[in-house]
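*Asks:* Data: my_file_12.cif, mmCIF, C-alpha atoms and all ligand atoms.
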data_target
#
loop_
_atom_site.label_atom_id
_atom_site.label_comp_id
_atom_site.auth_asym_id
_atom_site.auth_seq_id
_atom_site.Cartn_x
_atom_site.Cartn_y
_atom_site.Cartn_z
CA MET V 522 2.04 2.11 -18.62
CA ILE V 523 5.10 3.75 -17.08
CA ALA V 524 5.24 7.53 -16.66
CA ILE V 525 8.76 8.92 -16.79
CA ALA V 526 10.24 12.36 -16.26
CA SER V 527 13.47 14.08 -15.37
CA ASP V 528 14.86 17.50 -14.71
CA HIS V 529 17.78 18.99 -16.66
CA ALA V 530 20.35 17.12 -14.52
CA ALA V 531 19.04 13.76 -15.67
CA ALA V 532 17.90 14.43 -19.23
CA SER V 533 20.45 12.03 -20.70
CA LEU V 534 19.56 9.30 -18.20
CA ARG V 535 15.93 9.80 -19.24
CA THR V 536 16.97 8.96 -22.79
CA VAL V 537 18.62 5.77 -21.54
CA VAL V 538 15.46 4.83 -19.62
CA ARG V 539 13.30 5.65 -22.63
CA ASN V 540 15.48 3.45 -24.87
CA TYR V 541 15.28 0.54 -22.43
CA LEU V 542 11.49 0.77 -22.29
CA LYS V 543 11.25 1.06 -26.07
CA GLU V 544 13.56 -1.90 -26.68
CA ASN V 545 11.55 -4.02 -24.27
CA ASN V 546 8.15 -2.99 -25.65
CA ILE V 547 7.10 -1.50 -22.33
CA PRO V 548 4.51 1.24 -22.89
CA PHE V 549 5.56 4.58 -21.44
CA MET V 550 4.67 8.23 -21.43
CA ASP V 551 7.49 10.75 -21.31
CA MET V 552 6.45 13.79 -19.30
CA GLY V 553 9.65 15.75 -19.96
CA THR V 554 11.49 17.90 -19.54
CA ASP V 555 13.93 19.15 -22.13
CA GLU V 556 14.05 22.55 -20.50
CA ALA V 557 17.24 23.64 -18.74
CA PRO V 558 17.19 24.71 -16.04
CA SER V 559 14.02 23.12 -14.77
CA ASP V 560 12.27 22.62 -11.44
CA TYR V 561 12.03 18.94 -10.51
CA PRO V 562 8.79 19.27 -8.46
CA VAL V 563 6.89 20.18 -11.64
CA MET V 564 7.77 16.88 -13.32
CA ALA V 565 7.41 14.89 -10.11
CA MET V 566 3.88 16.19 -9.63
CA ALA V 567 2.95 15.39 -13.25
CA VAL V 568 4.16 11.79 -13.02
CA CYS V 569 2.56 11.26 -9.61
CA ALA V 570 -0.77 12.60 -10.83
CA ALA V 571 -0.65 10.07 -13.68
CA VAL V 572 0.06 7.24 -11.23
CA GLU V 573 -2.59 8.42 -8.79
CA ASP V 574 -5.36 8.67 -11.40
CA GLY V 575 -4.44 5.32 -12.96
CA THR V 576 -3.17 6.67 -16.29
CA ALA V 577 0.17 5.08 -15.37
CA ASP V 578 0.83 1.96 -13.33
CA MET V 579 4.20 3.18 -12.15
CA GLY V 580 6.47 6.20 -12.38
CA VAL V 581 10.18 6.77 -12.90
CA LEU V 582 11.60 10.09 -11.77
CA LEU V 583 15.17 11.17 -12.43
CA CYS V 584 17.11 14.15 -11.15
CA GLY V 585 20.68 14.80 -10.02
CA THR V 586 20.42 12.75 -6.84
CA GLY V 587 16.91 11.30 -7.10
CA ILE V 588 16.24 12.83 -3.70
CA GLY V 589 14.37 16.00 -4.65
CA MET V 590 12.13 13.93 -6.92
CA SER V 591 11.45 11.38 -4.16
CA MET V 592 10.76 14.01 -1.52
CA THR V 593 8.23 15.67 -3.81
CA ALA V 594 6.69 12.39 -4.95
CA ASN V 595 6.18 11.17 -1.39
CA LYS V 596 4.03 14.23 -0.68
CA CYS V 597 1.67 13.25 -3.50
CA LYS V 598 -1.45 11.20 -2.80
CA GLY V 599 -1.16 7.46 -3.32
CA ILE V 600 2.56 7.56 -3.98
CA ARG V 601 5.27 5.40 -2.47
CA ALA V 602 8.49 6.58 -4.04
CA ALA V 603 11.90 5.04 -3.42
CA VAL V 604 15.33 6.37 -4.34
CA CYS V 605 17.46 3.41 -5.40
CA THR V 606 21.18 3.35 -6.00
CA GLU V 607 21.52 -0.45 -6.22
CA THR V 608 19.36 -3.41 -7.17
CA TYR V 609 18.79 -4.88 -3.68
CA SER V 610 16.77 -1.84 -2.63
CA ALA V 611 14.93 -1.82 -5.96
CA LYS V 612 13.90 -5.43 -5.40
CA TYR V 613 12.83 -5.06 -1.78
CA THR V 614 11.04 -1.76 -2.15
CA ARG V 615 8.77 -3.58 -4.61
CA LEU V 616 8.48 -6.78 -2.54
CA HIS V 617 7.91 -5.12 0.82
CA ASN V 618 6.89 -1.48 0.23
CA ASP V 619 4.92 -1.89 -3.01
CA ALA V 620 6.75 1.20 -4.25
CA ASN V 621 5.03 2.68 -7.28
CA VAL V 622 7.62 5.33 -8.19
CA LEU V 623 11.32 4.68 -8.75
CA CYS V 624 13.66 7.63 -8.31
CA MET V 625 17.28 7.64 -9.42
CA GLY V 626 20.07 10.18 -9.45
CA ALA V 627 21.92 10.68 -12.72
CA ARG V 628 24.86 12.13 -10.80
CA VAL V 629 24.94 9.09 -8.51
CA VAL V 630 24.41 5.98 -10.62
CA GLY V 631 25.97 5.13 -13.97
CA GLU V 632 23.75 4.37 -16.92
CA GLY V 633 24.36 0.61 -16.85
CA LEU V 634 23.49 0.34 -13.16
CA ALA V 635 20.45 2.57 -13.64
CA VAL V 636 19.09 0.15 -16.25
CA GLU V 637 19.64 -2.82 -13.90
CA ILE V 638 17.84 -0.98 -11.12
CA LEU V 639 14.98 -0.11 -13.46
CA LYS V 640 14.70 -3.68 -14.74
CA THR V 641 14.65 -5.08 -11.18
CA PHE V 642 12.04 -2.55 -10.08
CA LEU V 643 9.73 -3.26 -13.01
CA GLU V 644 10.08 -7.03 -12.87
CA THR V 645 9.53 -7.50 -9.14
CA GLY V 646 6.04 -7.87 -7.72
CA PHE V 647 4.63 -6.95 -4.32
CA GLU V 648 4.76 -9.78 -1.81
CA GLY V 649 1.58 -8.77 0.06
CA GLY V 650 0.77 -10.57 3.31
CA ARG V 651 2.17 -8.87 6.41
CA HIS V 652 3.57 -6.08 4.26
CA GLN V 653 0.10 -4.91 3.26
CA ARG V 654 -0.71 -4.13 6.92
CA ARG V 655 2.40 -1.97 7.16
CA ILE V 656 1.59 -0.17 3.94
CA ASP V 657 -1.94 0.49 5.19
CA MET V 658 -0.42 2.05 8.33
CA MET V 659 1.93 4.15 6.23
CA MET V 660 -0.79 5.31 3.87
CA SER V 661 -3.11 6.20 6.75
CA LEU V 662 -0.74 9.12 7.39
CA GLU V 663 -1.90 10.78 4.18
CA HIS V 664 -4.09 13.85 4.53
CA THR V 665 -7.62 13.02 3.47
CA ASP V 666 -9.04 16.56 3.28
CA ASP V 667 -8.68 16.92 -0.49
C1 LIG B 701 19.64 20.21 -9.85
O1 LIG B 701 20.86 20.87 -9.81
C2 LIG B 701 19.52 19.27 -8.66
O2 LIG B 701 19.33 20.01 -7.50
C3 LIG B 701 18.38 18.30 -8.86
O3 LIG B 701 18.59 17.59 -10.04
C4 LIG B 701 18.20 17.23 -7.80
O4 LIG B 701 19.39 16.54 -7.58
C5 LIG B 701 17.53 17.61 -6.57
O5 LIG B 701 17.29 16.80 -5.68
#
When written as structure tokens, how does the structure in this file appear?
*Replies:*
Amino acid sequence: MIAIASDHAAASLRTVVRNYLKENNIPFMDMGTDEAPSDYPVMAMAVCAAVEDGTADMGVLLCGTGIGMSMTANKCKGIRAAVCTETYSAKYTRLHNDANVLCMGARVVGEGLAVEILKTFLETGFEGGRHQRRIDMMMSLEHTDD
């Protein structure tokens, strides 16, 4: 299950992402928004909560740059969000960082490239091994006083 959301700046890219997932029979939940203007942290927190509690396996967050979404997402428990503007990063953030949230900027990447990035992200698995140790170090920085 993939949880997706966007703010107003990326509503049309969200439609493109939704269509790709539909066409490829990939289950997804669309967490909005169709409101304009909208505040990206609201949607980022909703998607990250779904990933954190296991409702979704991964998240896709879209805004103008992808940056506001990623900054918010990386403050959420259990989240490793990566902004990707090309496929190399999408591949390696899965292989090495086990990223579980993909962020993209609708004002940065074209629709065709966004779909390639999404496809790469979803189809690439985590390599494990030495990378797990590094992820454990990274995740140990999370506050545990919840
Ligand atoms: C909205 O104008 C814009 O700030 C937002 O979509 C995003 O790019 C923030 O990081």
*Asks:* Of the candidates V:Lys596, V:Arg628, V:Lys612, V:Lys543, which shows the shortest atom-to-atom distance to ligand LIG 701 (chain B), using only C-alpha atoms and all ligand atoms?
*Replies:*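 Using only C-alpha atoms and all ligand atoms, the shortest distance to ligand LIG 701 (chain B) belongs to V:Arg628.
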*Asks:* CA of Ala603 (chain V) to CA of Ala557 (chain V): how many Å, to one decimal?
*Replies:*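 Taking CA of Ala603 (chain V) as the start and CA of Ala557 (chain V) as the end point, the length is 24.7 Å.
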*Asks:* Could you give me, as a PyMOL selection string, every polymer residue with an atom at most 12 Å away from an atom of ligand LIG 701 (chain B), counting all atoms listed in the file?
*Replies:* chain V and resi 526-532+534+554+557-565+582-594+604+624-629
*Asks:* Which residues of region 563-635 of chain V sit at most 12 Å from region 647-656 of chain V, using all atoms listed in the file? Give each one's shortest atom pair and distance in Å (one decimal place), in chain and ascending residue order, as a tab-separated table.
*Replies:*
residue	atom	partner	partner_atom	distance
V:Gly599	CA	V:Ile656	CA	10.9
V:Ile600	CA	V:Ile656	CA	11.1
V:Arg601	CA	V:Ile656	CA	9.3
V:Ala611	CA	V:Phe647	CA	11.6
V:Lys612	CA	V:Phe647	CA	9.5
V:Tyr613	CA	V:Phe647	CA	8.8
V:Thr614	CA	V:Phe647	CA	8.5
V:Arg615	CA	V:Phe647	CA	5.3
V:Leu616	CA	V:Phe647	CA	4.2
V:His617	CA	V:His652	CA	5.6
V:Asn618	CA	V:Ile656	CA	6.6
V:Asp619	CA	V:Phe647	CA	5.2
V:Ala620	CA	V:Phe647	CA	8.4
V:Asn621	CA	V:Phe647	CA	10.1
*Asks:* Write the residues you've just listed into a file as a compact mmCIF listing (two decimals), in the coordinates of the input, and include C-alpha atoms for each of them.
*Replies:*
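As written to disk, again.txt reads:
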# COMPACT_ATOMS: atom_id res chain seq x y z
CA GLY V 599 -1.16 7.46 -3.32
CA ILE V 600 2.56 7.56 -3.98
CA ARG V 601 5.27 5.40 -2.47
CA ALA V 611 14.93 -1.82 -5.96
CA LYS V 612 13.90 -5.43 -5.40
CA TYR V 613 12.83 -5.06 -1.78
CA THR V 614 11.04 -1.76 -2.15
CA ARG V 615 8.77 -3.58 -4.61
CA LEU V 616 8.48 -6.78 -2.54
CA HIS V 617 7.91 -5.12 0.82
CA ASN V 618 6.89 -1.48 0.23
CA ASP V 619 4.92 -1.89 -3.01
CA ALA V 620 6.75 1.20 -4.25
CA ASN V 621 5.03 2.68 -7.28
*Asks:* Which is closest to Val636 (chain V) among V:Val537, V:Ala602, V:Ile523, V:Leu662, if we use all atoms listed in the file?
*Replies:*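 Ranking V:Val537, V:Ala602, V:Ile523, V:Leu662 by distance to Val636 (chain V), first place goes to V:Val537.
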*Asks:* Step by step: start from the point (18.2, 1.1, -10.4) in the file's coordinates, keep every protein, DNA or RNA residue that has an atom no farther than 10 Å from it, count only C-alpha atoms, and write the set as a list in words.
*Replies:*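 Here the neighbourhood of the point contains Val604, Cys605, Thr606, Glu607, Thr608, Tyr609, Ser610, Ala611, Lys612, Leu623, Cys624, Met625, Gly626, Val630, Gly631, Glu632, Gly633, Leu634, Ala635, Val636, Glu637, Ile638, Leu639, Lys640, Thr641, Phe642 and Leu643 of chain V.
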*Asks:* Record the distance separating CA of Val538 (chain V) and CA of Lys598 (chain V), expressed in Å with one decimal.
*Replies:*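 Answer for the CA of Val538 (chain V) to CA of Lys598 (chain V) separation: 24.7 Å.
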*Asks:* Find the distance between CA of Gly575 (chain V) and CA of Met659 (chain V) and write it in Å to one decimal.
*Replies:* 20.3 Å
*Asks:* Looking at V:Val568, V:His664, V:Met658, V:Glu544, which one is nearest to Val622 (chain V), with distances taken over all atoms listed in the file?
*Replies:* V:Val568
*Asks:* Once 4 Å is added on each side, what centre and edge lengths in Å to one decimal does the axis-aligned box around all listed atoms of region 589-596 of chain V have, as lines of an AutoDock Vina configuration file?
*Replies:*
center_x = 9.2
center_y = 13.6
center_z = -3.8
size_x = 18.3
size_y = 12.8
size_z = 14.2
*Asks:* Give me region 547-666 of chain V from this structure - C-alpha atoms, as a compact mmCIF listing (two decimals), in the first residue's frame.
*Replies:*
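part_3.txt written:
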# COMPACT_ATOMS: atom_id res chain seq x y z
CA ILE V 547 -0.44 -0.81 -7.18
CA PRO V 548 -2.74 -0.28 -4.19
CA PHE V 549 -2.69 3.28 -2.90
CA MET V 550 -4.50 5.63 -0.58
CA ASP V 551 -4.83 9.25 -1.62
CA MET V 552 -4.66 11.51 1.42
CA GLY V 553 -5.34 14.73 -0.51
CA THR V 554 -5.47 17.57 -0.82
CA ASP V 555 -7.70 19.33 -3.30
CA GLU V 556 -7.74 22.46 -1.18
CA ALA V 557 -5.94 25.56 -2.42
CA PRO V 558 -4.07 27.01 -0.74
CA SER V 559 -3.03 24.25 1.60
CA ASP V 560 -0.33 23.64 4.20
CA TYR V 561 2.03 20.84 3.16
CA PRO V 562 2.89 19.73 6.74
CA VAL V 563 -0.71 18.59 7.24
CA MET V 564 -0.52 16.12 4.36
CA ALA V 565 3.06 15.11 5.16
CA MET V 566 2.07 14.22 8.71
CA ALA V 567 -0.94 12.19 7.51
CA VAL V 568 1.12 10.13 5.06
CA CYS V 569 3.94 9.60 7.57
CA ALA V 570 1.51 8.45 10.25
CA ALA V 571 0.17 5.86 7.78
CA VAL V 572 3.70 4.63 7.04
CA GLU V 573 4.68 4.61 10.71
CA ASP V 574 1.65 2.59 11.85
CA GLY V 575 1.98 0.13 8.96
CA THR V 576 -1.20 1.13 7.11
CA ALA V 577 1.08 2.02 4.20
CA ASP V 578 4.37 0.45 3.19
CA MET V 579 5.65 3.62 1.60
CA GLY V 580 4.67 7.23 1.06
CA VAL V 581 4.84 9.69 -1.82
CA LEU V 582 4.71 13.38 -0.97
CA LEU V 583 4.50 16.11 -3.57
CA CYS V 584 4.77 19.87 -3.22
CA GLY V 585 6.31 22.70 -5.24
CA THR V 586 9.90 21.70 -4.55
CA GLY V 587 9.49 18.49 -2.55
CA ILE V 588 11.60 20.11 0.13
CA GLY V 589 8.95 21.29 2.58
CA MET V 590 7.36 17.84 2.44
CA SER V 591 10.71 16.11 3.04
CA MET V 592 11.69 18.40 5.90
CA THR V 593 8.38 17.70 7.61
CA ALA V 594 8.47 13.98 6.87
CA ASN V 595 11.96 13.57 8.28
CA LYS V 596 10.74 14.90 11.63
CA CYS V 597 8.16 12.11 11.82
CA LYS V 598 8.92 8.87 13.65
CA GLY V 599 10.18 5.99 11.55
CA ILE V 600 10.45 8.05 8.39
CA ARG V 601 13.34 8.28 5.97
CA ALA V 602 12.22 10.68 3.28
CA ALA V 603 14.23 11.58 0.20
CA VAL V 604 13.67 14.37 -2.30
CA CYS V 605 14.54 13.04 -5.73
CA THR V 606 14.93 14.98 -8.94
CA GLU V 607 16.47 12.16 -10.99
CA THR V 608 16.44 8.37 -11.02
CA TYR V 609 19.97 7.72 -9.70
CA SER V 610 19.08 9.18 -6.32
CA ALA V 611 15.74 7.35 -6.32
CA LYS V 612 17.57 4.07 -6.87
CA TYR V 613 20.29 4.60 -4.28
CA THR V 614 18.11 6.06 -1.59
CA ARG V 615 16.23 2.75 -1.69
CA LEU V 616 19.36 0.58 -1.97
CA HIS V 617 21.41 2.35 0.68
CA ASN V 618 19.07 4.47 2.83
CA ASP V 619 15.98 2.24 2.78
CA ALA V 620 13.98 5.42 2.18
CA ASN V 621 10.30 4.87 2.85
CA VAL V 622 8.95 8.21 1.60
CA LEU V 623 9.63 9.70 -1.82
CA CYS V 624 9.27 13.46 -2.17
CA MET V 625 9.16 15.28 -5.48
CA GLY V 626 8.68 18.86 -6.55
CA ALA V 627 6.06 19.54 -9.20
CA ARG V 628 7.79 22.82 -10.04
CA VAL V 629 11.12 21.04 -10.44
CA VAL V 630 10.52 17.80 -12.32
CA GLY V 631 8.36 17.24 -15.38
CA GLU V 632 5.60 14.65 -15.27
CA GLY V 633 7.46 12.08 -17.38
CA LEU V 634 10.57 12.25 -15.21
CA ALA V 635 8.46 12.13 -12.05
CA VAL V 636 6.94 8.84 -13.19
CA GLU V 637 10.40 7.38 -13.92
CA ILE V 638 11.59 8.45 -10.47
CA LEU V 639 8.50 6.93 -8.87
CA LYS V 640 8.89 3.67 -10.79
CA THR V 641 12.57 3.40 -9.82
CA PHE V 642 11.81 4.13 -6.18
CA LEU V 643 9.03 1.55 -5.96
CA GLU V 644 10.88 -1.17 -7.84
CA THR V 645 14.20 -0.96 -5.99
CA GLY V 646 14.77 -2.91 -2.80
CA PHE V 647 16.98 -2.19 0.20
CA GLU V 648 20.43 -3.74 -0.06
CA GLY V 649 20.86 -4.33 3.68
CA GLY V 650 24.28 -5.44 4.94
CA ARG V 651 26.56 -2.56 5.95
CA HIS V 652 23.79 -0.08 5.15
CA GLN V 653 21.60 -1.40 7.95
CA ARG V 654 24.24 -0.38 10.52
CA ARG V 655 24.24 3.15 9.15
CA ILE V 656 20.46 3.33 9.18
CA ASP V 657 20.43 2.11 12.78
CA MET V 658 22.83 4.96 13.65
CA MET V 659 20.64 7.45 11.82
CA MET V 660 17.45 6.24 13.44
CA SER V 661 19.01 6.28 16.91
CA LEU V 662 18.85 10.08 16.63
CA GLU V 663 15.06 9.95 16.87
CA HIS V 664 13.50 11.17 20.10
CA THR V 665 12.11 8.24 22.03
CA ASP V 666 10.07 10.15 24.63
